[in-house]
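Coordinates from input.txt are shown below (compact mmCIF, C-alpha atoms).
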```txt
# COMPACT_ATOMS: atom_id res chain seq x y z
CA MET V 1 -113.86 -25.67 -132.28
CA LYS V 2 -113.47 -29.34 -131.46
CA ILE V 3 -109.73 -29.98 -131.28
CA LEU V 4 -107.95 -33.29 -130.80
CA VAL V 5 -104.78 -32.87 -128.71
CA THR V 6 -102.55 -35.93 -128.65
CA GLY V 7 -100.14 -36.17 -125.74
CA ALA V 8 -102.62 -34.19 -123.63
CA ALA V 9 -101.15 -35.48 -120.35
CA GLY V 10 -97.67 -34.44 -121.43
CA PHE V 11 -95.90 -31.21 -120.58
CA ILE V 12 -96.77 -29.14 -123.66
CA GLY V 13 -100.03 -30.97 -124.33
CA TYR V 14 -101.33 -30.18 -120.86
CA HIS V 15 -100.63 -26.47 -121.19
CA VAL V 16 -101.99 -26.25 -124.74
CA SER V 17 -105.17 -28.08 -123.69
CA LEU V 18 -105.68 -25.67 -120.79
CA ARG V 19 -105.30 -22.69 -123.07
CA LEU V 20 -107.79 -24.04 -125.61
CA LEU V 21 -110.32 -24.83 -122.90
CA GLU V 22 -109.93 -21.35 -121.43
CA ARG V 23 -110.87 -19.77 -124.75
CA GLY V 24 -113.93 -22.01 -125.12
CA ASP V 25 -112.77 -24.79 -127.42
CA GLU V 26 -113.82 -28.40 -126.94
CA VAL V 27 -110.71 -30.53 -126.36
CA VAL V 28 -110.53 -34.25 -127.02
CA GLY V 29 -107.39 -35.37 -125.20
CA LEU V 30 -105.41 -38.50 -126.03
CA ASP V 31 -102.44 -40.01 -124.20
CA ASN V 32 -101.04 -43.49 -123.56
CA LEU V 33 -99.62 -42.48 -120.13
CA ASN V 34 -96.45 -44.46 -120.75
CA ALA V 35 -93.73 -44.86 -118.16
CA TYR V 36 -90.93 -42.98 -119.96
CA TYR V 37 -91.13 -40.61 -117.01
CA SER V 38 -93.34 -40.33 -113.92
CA VAL V 39 -96.86 -41.54 -114.66
CA GLU V 40 -97.91 -39.82 -111.43
CA LEU V 41 -96.95 -36.44 -112.89
CA LYS V 42 -98.90 -37.18 -116.07
CA GLU V 43 -101.92 -38.24 -114.03
CA ALA V 44 -101.70 -35.08 -111.93
CA ARG V 45 -101.81 -32.95 -115.09
CA LEU V 46 -104.69 -35.03 -116.40
CA ARG V 47 -106.72 -34.62 -113.19
CA ARG V 48 -106.49 -30.86 -113.56
CA LEU V 49 -107.72 -31.03 -117.15
CA GLN V 50 -110.61 -33.30 -116.22
CA THR V 51 -112.01 -30.65 -113.88
CA ARG V 52 -112.50 -28.33 -116.86
CA HIS V 53 -115.69 -28.10 -118.87
CA GLY V 54 -115.26 -29.23 -122.47
CA PHE V 55 -112.48 -31.80 -121.93
CA ARG V 56 -112.76 -35.52 -122.73
CA PHE V 57 -109.94 -38.03 -122.42
CA HIS V 58 -109.08 -41.20 -124.33
CA HIS V 59 -106.39 -43.52 -122.91
CA LEU V 60 -104.87 -44.63 -126.20
CA GLY V 61 -101.50 -44.91 -127.95
CA LEU V 62 -100.81 -43.50 -131.40
CA ALA V 63 -99.46 -46.84 -132.63
CA ASP V 64 -102.89 -48.46 -132.10
CA ARG V 65 -103.99 -48.28 -135.74
CA GLU V 66 -107.57 -49.47 -135.26
CA GLY V 67 -108.03 -47.44 -132.08
CA ILE V 68 -106.85 -44.21 -133.68
CA ALA V 69 -109.03 -44.77 -136.77
CA ALA V 70 -112.06 -45.40 -134.54
CA LEU V 71 -111.33 -42.31 -132.43
CA PHE V 72 -111.13 -40.03 -135.47
CA ALA V 73 -114.32 -41.50 -136.94
CA ALA V 74 -116.23 -41.11 -133.68
CA GLU V 75 -114.99 -37.66 -132.65
CA ARG V 76 -114.55 -35.99 -136.07
CA PRO V 77 -112.28 -33.21 -134.74
CA GLN V 78 -112.08 -30.03 -136.79
CA ARG V 79 -108.39 -29.55 -136.08
CA VAL V 80 -105.63 -31.69 -134.59
CA ILE V 81 -102.56 -30.80 -132.52
CA ASN V 82 -100.19 -33.78 -132.44
CA LEU V 83 -97.90 -33.45 -129.42
CA ALA V 84 -97.68 -37.16 -128.56
CA ALA V 85 -94.27 -38.63 -129.27
CA GLN V 86 -91.49 -40.61 -127.75
CA ALA V 87 -89.26 -37.78 -126.60
CA GLY V 88 -85.61 -37.57 -125.61
CA VAL V 89 -82.38 -37.63 -127.58
CA ARG V 90 -80.39 -39.88 -125.24
CA TYR V 91 -83.17 -42.42 -124.71
CA SER V 92 -83.33 -42.94 -128.49
CA LEU V 93 -79.89 -44.57 -128.27
CA LYS V 94 -81.24 -47.09 -125.75
CA ASN V 95 -84.70 -47.86 -127.08
CA PRO V 96 -84.93 -47.01 -130.79
CA HIS V 97 -88.02 -49.13 -131.42
CA ALA V 98 -90.10 -46.91 -129.12
CA TYR V 99 -89.37 -44.00 -131.49
CA VAL V 100 -90.38 -45.97 -134.56
CA ASP V 101 -93.64 -47.10 -132.94
CA SER V 102 -94.73 -43.70 -131.64
CA ASN V 103 -93.10 -41.16 -133.92
CA LEU V 104 -93.35 -42.96 -137.26
CA VAL V 105 -96.12 -45.57 -137.08
CA GLY V 106 -98.12 -43.35 -134.73
CA PHE V 107 -97.72 -40.28 -136.91
CA VAL V 108 -98.94 -42.01 -140.06
CA ASN V 109 -101.99 -43.15 -138.10
CA VAL V 110 -102.67 -39.50 -137.23
CA LEU V 111 -102.19 -38.44 -140.86
CA GLU V 112 -104.60 -41.12 -142.03
CA GLY V 113 -107.14 -40.05 -139.42
CA CYS V 114 -106.92 -36.47 -140.62
CA ARG V 115 -107.12 -37.48 -144.27
CA HIS V 116 -110.23 -39.62 -143.93
CA ASN V 117 -112.20 -37.39 -141.56
CA GLY V 118 -112.07 -33.92 -143.07
CA VAL V 119 -109.64 -32.35 -140.60
CA GLU V 120 -109.11 -28.67 -141.46
CA HIS V 121 -105.58 -28.32 -140.10
CA LEU V 122 -102.97 -30.60 -138.53
CA VAL V 123 -100.38 -28.89 -136.30
CA TYR V 124 -97.63 -31.22 -135.11
CA ALA V 125 -94.55 -31.03 -132.92
CA SER V 126 -91.19 -31.20 -134.59
CA SER V 127 -87.98 -30.30 -132.75
CA SER V 128 -84.90 -28.12 -132.85
CA SER V 129 -82.96 -31.39 -132.88
CA VAL V 130 -83.68 -31.72 -136.62
CA TYR V 131 -80.93 -29.14 -137.28
CA GLY V 132 -78.41 -31.82 -136.27
CA ALA V 133 -74.93 -31.07 -137.59
CA ASN V 134 -75.92 -27.59 -138.82
CA THR V 135 -73.81 -24.86 -137.24
CA ALA V 136 -75.02 -21.72 -139.05
CA MET V 137 -76.78 -19.69 -136.36
CA PRO V 138 -79.53 -18.81 -135.82
CA PHE V 139 -81.20 -21.95 -137.14
CA SER V 140 -83.65 -21.08 -139.91
CA VAL V 141 -86.55 -23.12 -141.29
CA HIS V 142 -85.21 -22.18 -144.73
CA GLN V 143 -82.03 -24.23 -144.14
CA ASN V 144 -81.74 -27.82 -145.32
CA ILE V 145 -81.61 -30.33 -142.47
CA ASP V 146 -80.05 -33.45 -143.91
CA HIS V 147 -77.72 -34.50 -141.09
CA PRO V 148 -79.63 -35.51 -137.93
CA LEU V 149 -77.45 -36.70 -135.03
CA SER V 150 -79.94 -38.94 -133.22
CA LEU V 151 -82.77 -41.27 -134.14
CA TYR V 152 -85.15 -38.93 -132.30
CA ALA V 153 -84.10 -36.10 -134.64
CA ALA V 154 -84.44 -38.37 -137.65
CA THR V 155 -88.01 -39.30 -136.69
CA LYS V 156 -88.92 -35.64 -136.33
CA LYS V 157 -87.52 -34.83 -139.76
CA ALA V 158 -89.43 -37.84 -141.08
CA ASN V 159 -92.63 -36.36 -139.62
CA GLU V 160 -92.06 -33.18 -141.61
CA LEU V 161 -91.55 -35.19 -144.81
CA MET V 162 -94.59 -37.37 -144.15
CA ALA V 163 -96.74 -34.32 -143.47
CA HIS V 164 -95.63 -32.71 -146.72
CA THR V 165 -96.62 -35.85 -148.63
CA TYR V 166 -100.15 -35.71 -147.22
CA SER V 167 -100.39 -31.97 -147.88
CA HIS V 168 -99.35 -32.60 -151.48
CA LEU V 169 -101.41 -35.71 -152.20
CA TYR V 170 -104.59 -34.96 -150.29
CA GLY V 171 -104.59 -31.19 -149.75
CA LEU V 172 -104.35 -31.66 -145.97
CA PRO V 173 -103.09 -28.38 -144.43
CA THR V 174 -100.19 -29.20 -142.10
CA THR V 175 -97.91 -27.06 -139.95
CA GLY V 176 -94.80 -28.37 -138.21
CA LEU V 177 -93.40 -26.58 -135.16
CA ARG V 178 -89.76 -26.94 -134.22
CA PHE V 179 -89.68 -26.41 -130.45
CA PHE V 180 -86.50 -25.19 -128.78
CA THR V 181 -85.66 -26.47 -125.24
CA VAL V 182 -89.03 -25.96 -123.56
CA TYR V 183 -89.15 -25.46 -119.78
CA GLY V 184 -91.54 -24.24 -117.12
CA PRO V 185 -94.07 -25.42 -114.50
CA TRP V 186 -95.29 -29.01 -114.94
CA GLY V 187 -92.16 -29.71 -117.03
CA ARG V 188 -90.60 -33.02 -117.97
CA PRO V 189 -88.42 -34.71 -115.32
CA ASP V 190 -85.85 -35.83 -117.91
CA MET V 191 -85.01 -32.23 -118.91
CA ALA V 192 -81.96 -30.41 -117.56
CA LEU V 193 -83.75 -27.77 -115.48
CA PHE V 194 -85.84 -30.39 -113.67
CA LEU V 195 -82.84 -32.66 -113.11
CA PHE V 196 -80.69 -29.78 -111.85
CA THR V 197 -83.38 -28.56 -109.45
CA LYS V 198 -83.95 -32.02 -108.00
CA ALA V 199 -80.22 -32.64 -107.51
CA ILE V 200 -79.40 -29.25 -105.99
CA LEU V 201 -82.24 -29.48 -103.47
CA ALA V 202 -81.07 -32.99 -102.54
CA GLY V 203 -77.48 -31.78 -102.10
CA GLU V 204 -76.28 -33.93 -104.99
CA PRO V 205 -73.94 -32.92 -107.84
CA ILE V 206 -75.39 -31.93 -111.21
CA GLN V 207 -74.01 -33.35 -114.44
CA VAL V 208 -72.83 -30.60 -116.78
CA PHE V 209 -72.07 -31.98 -120.24
CA ASN V 210 -69.48 -30.76 -122.75
CA TYR V 211 -67.66 -29.32 -119.73
CA GLY V 212 -70.21 -26.51 -119.59
CA GLN V 213 -69.60 -25.36 -123.17
CA MET V 214 -73.27 -25.63 -124.10
CA ARG V 215 -75.73 -23.01 -125.29
CA ARG V 216 -79.48 -23.43 -125.58
CA ASP V 217 -82.40 -21.38 -126.78
CA PHE V 218 -84.45 -21.90 -123.60
CA THR V 219 -88.13 -21.28 -124.36
CA TYR V 220 -90.71 -20.75 -121.62
CA ILE V 221 -93.85 -22.87 -121.84
CA ASP V 222 -96.25 -19.89 -122.09
CA ASP V 223 -94.43 -18.71 -125.21
CA ILE V 224 -94.69 -22.18 -126.74
CA VAL V 225 -98.42 -22.31 -126.05
CA GLU V 226 -99.02 -18.86 -127.52
CA GLY V 227 -97.16 -19.89 -130.66
CA VAL V 228 -99.05 -23.17 -131.00
CA VAL V 229 -102.47 -21.57 -130.64
CA ARG V 230 -101.71 -18.74 -133.05
CA VAL V 231 -100.41 -21.18 -135.65
CA LEU V 232 -103.45 -23.44 -135.15
CA ASP V 233 -105.69 -20.53 -136.09
CA ARG V 234 -103.72 -19.81 -139.28
CA VAL V 235 -104.45 -22.59 -141.76
CA PRO V 236 -101.58 -22.76 -144.28
CA THR V 237 -102.14 -22.25 -147.97
CA PRO V 238 -99.88 -23.05 -150.92
CA ASN V 239 -96.97 -20.66 -151.42
CA PRO V 240 -97.47 -19.18 -154.93
CA GLY V 241 -93.82 -18.11 -155.03
CA TRP V 242 -92.44 -21.57 -154.29
CA SER V 243 -89.97 -22.74 -156.93
CA SER V 244 -88.93 -26.30 -157.66
CA GLU V 245 -85.64 -24.95 -159.01
CA ALA V 246 -84.77 -23.35 -155.69
CA PRO V 247 -87.06 -25.16 -153.24
CA ASP V 248 -87.77 -23.50 -149.89
CA PRO V 249 -87.86 -26.22 -147.19
CA ALA V 250 -90.29 -24.19 -145.04
CA SER V 251 -93.16 -23.98 -147.53
CA SER V 252 -94.49 -25.64 -150.67
CA ARG V 253 -96.94 -25.58 -153.53
CA ALA V 254 -98.98 -27.66 -151.08
CA PRO V 255 -100.67 -26.22 -147.94
CA TYR V 256 -97.62 -26.86 -145.79
CA ARG V 257 -95.56 -24.72 -143.40
CA LEU V 258 -92.74 -25.03 -140.87
CA TYR V 259 -91.94 -22.65 -138.01
CA ASN V 260 -89.37 -22.41 -135.24
CA ILE V 261 -90.74 -21.56 -131.80
CA GLY V 262 -87.81 -20.44 -129.69
CA ASN V 263 -86.81 -17.52 -127.54
CA HIS V 264 -84.46 -16.19 -130.24
CA ARG V 265 -81.51 -16.03 -127.88
CA SER V 266 -78.82 -18.57 -127.11
CA VAL V 267 -78.01 -18.77 -123.40
CA GLU V 268 -74.95 -20.41 -121.87
CA LEU V 269 -75.83 -23.46 -119.79
CA LEU V 270 -73.69 -22.10 -116.95
CA ARG V 271 -75.80 -18.92 -116.96
CA LEU V 272 -78.96 -21.02 -116.60
CA ILE V 273 -77.35 -22.74 -113.61
CA GLU V 274 -76.53 -19.35 -112.04
CA VAL V 275 -80.16 -18.21 -112.40
CA LEU V 276 -81.36 -21.51 -110.94
CA GLU V 277 -78.97 -21.20 -107.98
CA ASP V 278 -80.32 -17.72 -107.26
CA ALA V 279 -83.92 -18.94 -107.44
CA LEU V 280 -83.19 -21.89 -105.12
CA GLY V 281 -80.92 -19.98 -102.77
CA GLN V 282 -78.39 -22.82 -103.02
CA LYS V 283 -75.19 -23.38 -104.94
CA ALA V 284 -74.76 -26.37 -107.23
CA GLU V 285 -71.94 -28.86 -107.04
CA LYS V 286 -70.98 -29.41 -110.68
CA GLU V 287 -69.66 -32.60 -112.27
CA PHE V 288 -68.22 -31.66 -115.66
CA LEU V 289 -68.53 -34.38 -118.30
CA PRO V 290 -67.88 -34.76 -122.05
CA MET V 291 -70.54 -34.28 -124.71
CA GLN V 292 -73.16 -37.00 -124.86
CA PRO V 293 -73.72 -38.97 -128.09
CA GLY V 294 -76.46 -37.44 -130.22
CA ASP V 295 -76.28 -34.05 -128.50
CA VAL V 296 -75.36 -30.70 -130.08
CA PRO V 297 -73.32 -27.87 -128.51
CA ALA V 298 -75.68 -25.01 -129.30
CA THR V 299 -79.20 -24.10 -130.46
CA TYR V 300 -80.56 -20.71 -131.48
CA ALA V 301 -83.88 -20.09 -133.25
CA ASP V 302 -84.62 -17.71 -136.09
CA VAL V 303 -88.30 -16.83 -135.51
CA ASP V 304 -88.75 -14.24 -138.26
CA ASP V 305 -91.37 -16.33 -140.06
CA LEU V 306 -93.37 -16.81 -136.86
CA ILE V 307 -93.32 -13.05 -136.30
CA SER V 308 -94.30 -12.16 -139.86
CA ASP V 309 -97.03 -14.81 -140.25
CA VAL V 310 -98.76 -14.88 -136.85
CA GLY V 311 -97.44 -11.71 -135.20
CA PHE V 312 -95.79 -13.35 -132.20
CA ARG V 313 -92.25 -13.13 -130.87
CA PRO V 314 -91.42 -15.37 -127.88
CA GLY V 315 -89.53 -13.38 -125.28
CA THR V 316 -89.72 -14.66 -121.69
CA PRO V 317 -86.17 -14.45 -120.27
CA ILE V 318 -84.81 -17.23 -118.06
CA GLU V 319 -84.58 -14.68 -115.23
CA VAL V 320 -88.40 -14.72 -115.24
CA GLY V 321 -89.14 -18.29 -116.31
CA VAL V 322 -86.74 -20.20 -114.05
CA PRO V 323 -88.07 -18.72 -110.76
CA ARG V 324 -91.60 -19.60 -111.91
CA PHE V 325 -90.51 -23.19 -112.46
CA VAL V 326 -88.82 -23.34 -109.07
CA ALA V 327 -91.95 -21.98 -107.34
CA TRP V 328 -94.05 -24.68 -108.99
CA TYR V 329 -91.50 -27.40 -108.16
CA ARG V 330 -91.41 -26.45 -104.48
CA GLU V 331 -95.20 -26.39 -104.26
CA PHE V 332 -95.83 -29.61 -106.21
CA PHE V 333 -93.21 -31.68 -104.40
CA GLY V 334 -93.57 -29.95 -101.04
CA VAL V 335 -89.89 -29.03 -100.90
```
Show this structure as structure tokens.
Amino acid sequence: MKILVTGAAGFIGYHVSLRLLERGDEVVGLDNLNAYYSVELKEARLRRLQTRHGFRFHHLGLADREGIAALFAAERPQRVINLAAQAGVRYSLKNPHAYVDSNLVGFVNVLEGCRHNGVEHLVYASSSSVYGANTAMPFSVHQNIDHPLSLYAATKKANELMAHTYSHLYGLPTTGLRFFTVYGPWGRPDMALFLFTKAILAGEPIQVFNYGQMRRDFTYIDDIVEGVVRVLDRVPTPNPGWSSEAPDPASSRAPYRLYNIGNHRSVELLRLIEVLEDALGQKAEKEFLPMQPGDVPATYADVDDLISDVGFRPGTPIEVGVPRFVAWYREFFGV
């Protein structure tokens, strides 16, 4: 298939693009290569993709309405995986307009491109952050999510609502994927594992928020990719059992679905640090700090729908994934 992958130079986009190319798909990659984090890292990922047969790259931002419309019209992708977004909970407190431009304006440009060019299936990245103030664990796609705690989370919930509108009005099949704390080789430098590794190797203290009372459903990148590709191949159809009297948030009378992709286990942040220390062979100096605005104390994914619909259960433990990240980090940065 010809598949448009937005955010192709990003962490998840890079790995998803590689996987699609390896199975013989044609990948049209799009990225604006912004400076939210190291452009050099994005360019390094991109160089690796550009050595692969079947990959083409467009340097373009989602908010460029005319550019996105022209790209869709010229390329006519069969399916689209939208992974481009302004990421980060804390940064959304500092630069909210970047989230509106990329995650809202940009997403409607993608929806319009799909609508007008016969796209068979749009798969898009949502986030575990949409669960916000919810505390019932594990988080289920069948729960209502009406209390986001950051603008980033609000934009991701908005994406789910916008996608449903296009599924309803135009019959566009859409699937939203709520990712849970993704980590692994080629990861994002603003994420905890990357920050911790860099600080420990430099002999600097690491910042541990909420005084260490944090739990996360850490999900290894290979599990995310497997979930994305399996979902891409399963075009959603209307749920005949959907009821407007007791509406299920995860499905619809329209061709619309939502899934969690997480490791289905909630790991203490201090345990992650222990595993990282073992992999590095160094102890961390910890600076304990209060909870950050917009953050949540715990995440934990219910993946029953992912298992039942596409037959996949993510399961890479941090004891396997963290050493793989450390090995990549040492090699890439020559540490």
With distances taken over all atoms listed in the file, which residue among V:Ala63, V:Ile68, V:Met214, V:Thr316 lies nearest V:His97?
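Looking only at the distances to V:His97, the closest residue turns out to be V:Ala63.
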Shell around V:Ile206 at 6 Å using all atoms listed in the file, local window under 5 positions removed, as a PyMOL selection string
chain V and resi 196+286-287
Give me, as a PyMOL selection string, all polymer residues having an atom no more than 9 Å from V:Ile224, counting only C-alpha atoms and skipping those fewer than 2 positions away in the same chain.
chain V and resi 12+16+179-180+182+219-222+226-229+261-262+314
My list of candidates is V:Pro323, V:Pro290, V:Pro255, V:Gly13. Which is closest to V:Thr175 when distances are computed with all atoms listed in the file?
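That would be V:Pro255, the residue with the smallest distance to V:Thr175.
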Suppose you want the space between atom CA of V:Asp309 and atom CA of V:Met162; what is it in Å?
23.0 Å
Distance criterion (all atoms listed in the file): nearest to V:Ala44 out of V:Pro293, V:Gly212, V:Phe333, V:Asp302
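Closest to V:Ala44, using all atoms listed in the file: V:Phe333.
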If you count only C-alpha atoms, which residues fall within 10 Å of V:Phe312, apart from same-chain ones fewer than 6 positions away, as number ranges by chain?
V: 223, 226-227, 230-231, 261, 303-306
Output C-alpha atoms for every residue in that selection, as a short mmCIF file (atom, residue, chain, number, x, y, z; two decimals), in the coordinates of the input.
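Output file part07.cif is given in full below:
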```
data_model
loop_
_atom_site.label_atom_id
_atom_site.label_comp_id
_atom_site.auth_asym_id
_atom_site.auth_seq_id
_atom_site.Cartn_x
_atom_site.Cartn_y
_atom_site.Cartn_z
CA ASP V 223 -94.43 -18.71 -125.21
CA GLU V 226 -99.02 -18.86 -127.52
CA GLY V 227 -97.16 -19.89 -130.66
CA ARG V 230 -101.71 -18.74 -133.05
CA VAL V 231 -100.41 -21.18 -135.65
CA ILE V 261 -90.74 -21.56 -131.80
CA VAL V 303 -88.30 -16.83 -135.51
CA ASP V 304 -88.75 -14.24 -138.26
CA ASP V 305 -91.37 -16.33 -140.06
CA LEU V 306 -93.37 -16.81 -136.86
#
```
Measuring between only C-alpha atoms, which one of V:Thr51, V:Ser251, V:Ser308, V:Gln282 shows the shortest distance to V:His168?
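Of all the options, V:Ser251 lies closest to V:His168.
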If you measure from atom CA of V:Lys2 to atom CA of V:Arg79, what distance in Å do you get, rounded to one decimal?
6.9 Å
Any idea what the distance is between atom CA of V:Gly321 and atom CA of V:Leu195?
16.0 Å
Selection: 10 Å around V:Trp186, only C-alpha atoms, excl. self and same-chain fewer than 2 positions, as a VMD selection string:
chain V and resid 10 to 12 14 to 15 41 to 42 44 to 45 183 to 184 188 to 189 194 221 325 328 to 329 332
Where atoms are lacking, stretch 267-276 of chain V completed to all heavy atoms, as a PDB file, in the frame of the given file:
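Heads up, here's the output in selection15.pdb:
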```pdb
ATOM      1  N   VAL V 267     -78.472 -19.021-124.760  1.00  0.00           N
ATOM      2  CA  VAL V 267     -78.010 -18.770-123.400  1.00  0.00           C
ATOM      3  C   VAL V 267     -77.021 -19.850-122.986  1.00  0.00           C
ATOM      4  O   VAL V 267     -77.259 -21.042-123.207  1.00  0.00           O
ATOM      5  CB  VAL V 267     -79.210 -18.747-122.420  1.00  0.00           C
ATOM      6  CG1 VAL V 267     -78.734 -18.579-120.983  1.00  0.00           C
ATOM      7  CG2 VAL V 267     -80.193 -17.643-122.801  1.00  0.00           C
ATOM      8  N   GLU V 268     -75.919 -19.439-122.369  1.00  0.00           N
ATOM      9  CA  GLU V 268     -74.950 -20.410-121.870  1.00  0.00           C
ATOM     10  C   GLU V 268     -75.578 -21.254-120.766  1.00  0.00           C
ATOM     11  O   GLU V 268     -76.283 -20.749-119.893  1.00  0.00           O
ATOM     12  CB  GLU V 268     -73.718 -19.687-121.336  1.00  0.00           C
ATOM     13  CG  GLU V 268     -72.878 -19.010-122.402  1.00  0.00           C
ATOM     14  CD  GLU V 268     -71.645 -18.344-121.828  1.00  0.00           C
ATOM     15  OE1 GLU V 268     -71.489 -18.348-120.587  1.00  0.00           O
ATOM     16  OE2 GLU V 268     -70.830 -17.832-122.621  1.00  0.00           O
ATOM     17  N   LEU V 269     -75.305 -22.553-120.810  1.00  0.00           N
ATOM     18  CA  LEU V 269     -75.830 -23.460-119.790  1.00  0.00           C
ATOM     19  C   LEU V 269     -75.400 -23.022-118.393  1.00  0.00           C
ATOM     20  O   LEU V 269     -76.183 -23.105-117.433  1.00  0.00           O
ATOM     21  CB  LEU V 269     -75.363 -24.882-120.071  1.00  0.00           C
ATOM     22  CG  LEU V 269     -75.856 -25.964-119.114  1.00  0.00           C
ATOM     23  CD1 LEU V 269     -77.370 -26.048-119.107  1.00  0.00           C
ATOM     24  CD2 LEU V 269     -75.246 -27.313-119.482  1.00  0.00           C
ATOM     25  N   LEU V 270     -74.164 -22.538-118.262  1.00  0.00           N
ATOM     26  CA  LEU V 270     -73.690 -22.100-116.950  1.00  0.00           C
ATOM     27  C   LEU V 270     -74.466 -20.888-116.449  1.00  0.00           C
ATOM     28  O   LEU V 270     -74.632 -20.707-115.238  1.00  0.00           O
ATOM     29  CB  LEU V 270     -72.191 -21.796-117.008  1.00  0.00           C
ATOM     30  CG  LEU V 270     -71.296 -23.023-117.264  1.00  0.00           C
ATOM     31  CD1 LEU V 270     -69.834 -22.609-117.373  1.00  0.00           C
ATOM     32  CD2 LEU V 270     -71.470 -24.067-116.166  1.00  0.00           C
ATOM     33  N   ARG V 271     -74.962 -20.058-117.378  1.00  0.00           N
ATOM     34  CA  ARG V 271     -75.800 -18.920-116.960  1.00  0.00           C
ATOM     35  C   ARG V 271     -77.144 -19.420-116.444  1.00  0.00           C
ATOM     36  O   ARG V 271     -77.656 -18.897-115.442  1.00  0.00           O
ATOM     37  CB  ARG V 271     -76.003 -17.966-118.146  1.00  0.00           C
ATOM     38  CG  ARG V 271     -77.004 -16.836-117.870  1.00  0.00           C
ATOM     39  CD  ARG V 271     -76.606 -16.005-116.668  1.00  0.00           C
ATOM     40  NE  ARG V 271     -77.639 -15.018-116.320  1.00  0.00           N
ATOM     41  CZ  ARG V 271     -77.774 -14.455-115.126  1.00  0.00           C
ATOM     42  NH1 ARG V 271     -76.948 -14.792-114.121  1.00  0.00           N
ATOM     43  NH2 ARG V 271     -78.720 -13.577-114.893  1.00  0.00           N
ATOM     44  N   LEU V 272     -77.713 -20.436-117.103  1.00  0.00           N
ATOM     45  CA  LEU V 272     -78.960 -21.020-116.600  1.00  0.00           C
ATOM     46  C   LEU V 272     -78.767 -21.539-115.184  1.00  0.00           C
ATOM     47  O   LEU V 272     -79.622 -21.336-114.312  1.00  0.00           O
ATOM     48  CB  LEU V 272     -79.416 -22.158-117.511  1.00  0.00           C
ATOM     49  CG  LEU V 272     -80.670 -22.897-117.019  1.00  0.00           C
ATOM     50  CD1 LEU V 272     -81.929 -22.150-117.426  1.00  0.00           C
ATOM     51  CD2 LEU V 272     -80.720 -24.331-117.547  1.00  0.00           C
ATOM     52  N   ILE V 273     -77.624 -22.195-114.942  1.00  0.00           N
ATOM     53  CA  ILE V 273     -77.350 -22.740-113.610  1.00  0.00           C
ATOM     54  C   ILE V 273     -77.238 -21.618-112.585  1.00  0.00           C
ATOM     55  O   ILE V 273     -77.749 -21.738-111.463  1.00  0.00           O
ATOM     56  CB  ILE V 273     -76.079 -23.606-113.640  1.00  0.00           C
ATOM     57  CG1 ILE V 273     -76.321 -24.850-114.524  1.00  0.00           C
ATOM     58  CG2 ILE V 273     -75.653 -24.021-112.241  1.00  0.00           C
ATOM     59  CD1 ILE V 273     -75.075 -25.648-114.843  1.00  0.00           C
ATOM     60  N   GLU V 274     -76.616 -20.502-112.950  1.00  0.00           N
ATOM     61  CA  GLU V 274     -76.530 -19.350-112.040  1.00  0.00           C
ATOM     62  C   GLU V 274     -77.915 -18.837-111.662  1.00  0.00           C
ATOM     63  O   GLU V 274     -78.203 -18.555-110.488  1.00  0.00           O
ATOM     64  CB  GLU V 274     -75.747 -18.217-112.702  1.00  0.00           C
ATOM     65  CG  GLU V 274     -74.256 -18.450-112.825  1.00  0.00           C
ATOM     66  CD  GLU V 274     -73.571 -17.309-113.556  1.00  0.00           C
ATOM     67  OE1 GLU V 274     -74.287 -16.376-114.021  1.00  0.00           O
ATOM     68  OE2 GLU V 274     -72.327 -17.339-113.684  1.00  0.00           O
ATOM     69  N   VAL V 275     -78.790 -18.697-112.656  1.00  0.00           N
ATOM     70  CA  VAL V 275     -80.160 -18.210-112.400  1.00  0.00           C
ATOM     71  C   VAL V 275     -80.907 -19.200-111.516  1.00  0.00           C
ATOM     72  O   VAL V 275     -81.643 -18.803-110.604  1.00  0.00           O
ATOM     73  CB  VAL V 275     -80.900 -17.978-113.727  1.00  0.00           C
ATOM     74  CG1 VAL V 275     -82.368 -17.633-113.487  1.00  0.00           C
ATOM     75  CG2 VAL V 275     -80.221 -16.872-114.530  1.00  0.00           C
ATOM     76  N   LEU V 276     -80.710 -20.487-111.759  1.00  0.00           N
ATOM     77  CA  LEU V 276     -81.360 -21.510-110.940  1.00  0.00           C
ATOM     78  C   LEU V 276     -80.845 -21.463-109.507  1.00  0.00           C
ATOM     79  O   LEU V 276     -81.638 -21.569-108.550  1.00  0.00           O
ATOM     80  CB  LEU V 276     -81.117 -22.889-111.553  1.00  0.00           C
ATOM     81  CG  LEU V 276     -81.690 -24.088-110.791  1.00  0.00           C
ATOM     82  CD1 LEU V 276     -83.191 -23.959-110.626  1.00  0.00           C
ATOM     83  CD2 LEU V 276     -81.328 -25.395-111.504  1.00  0.00           C
TER      84      LEU V 276
END
```
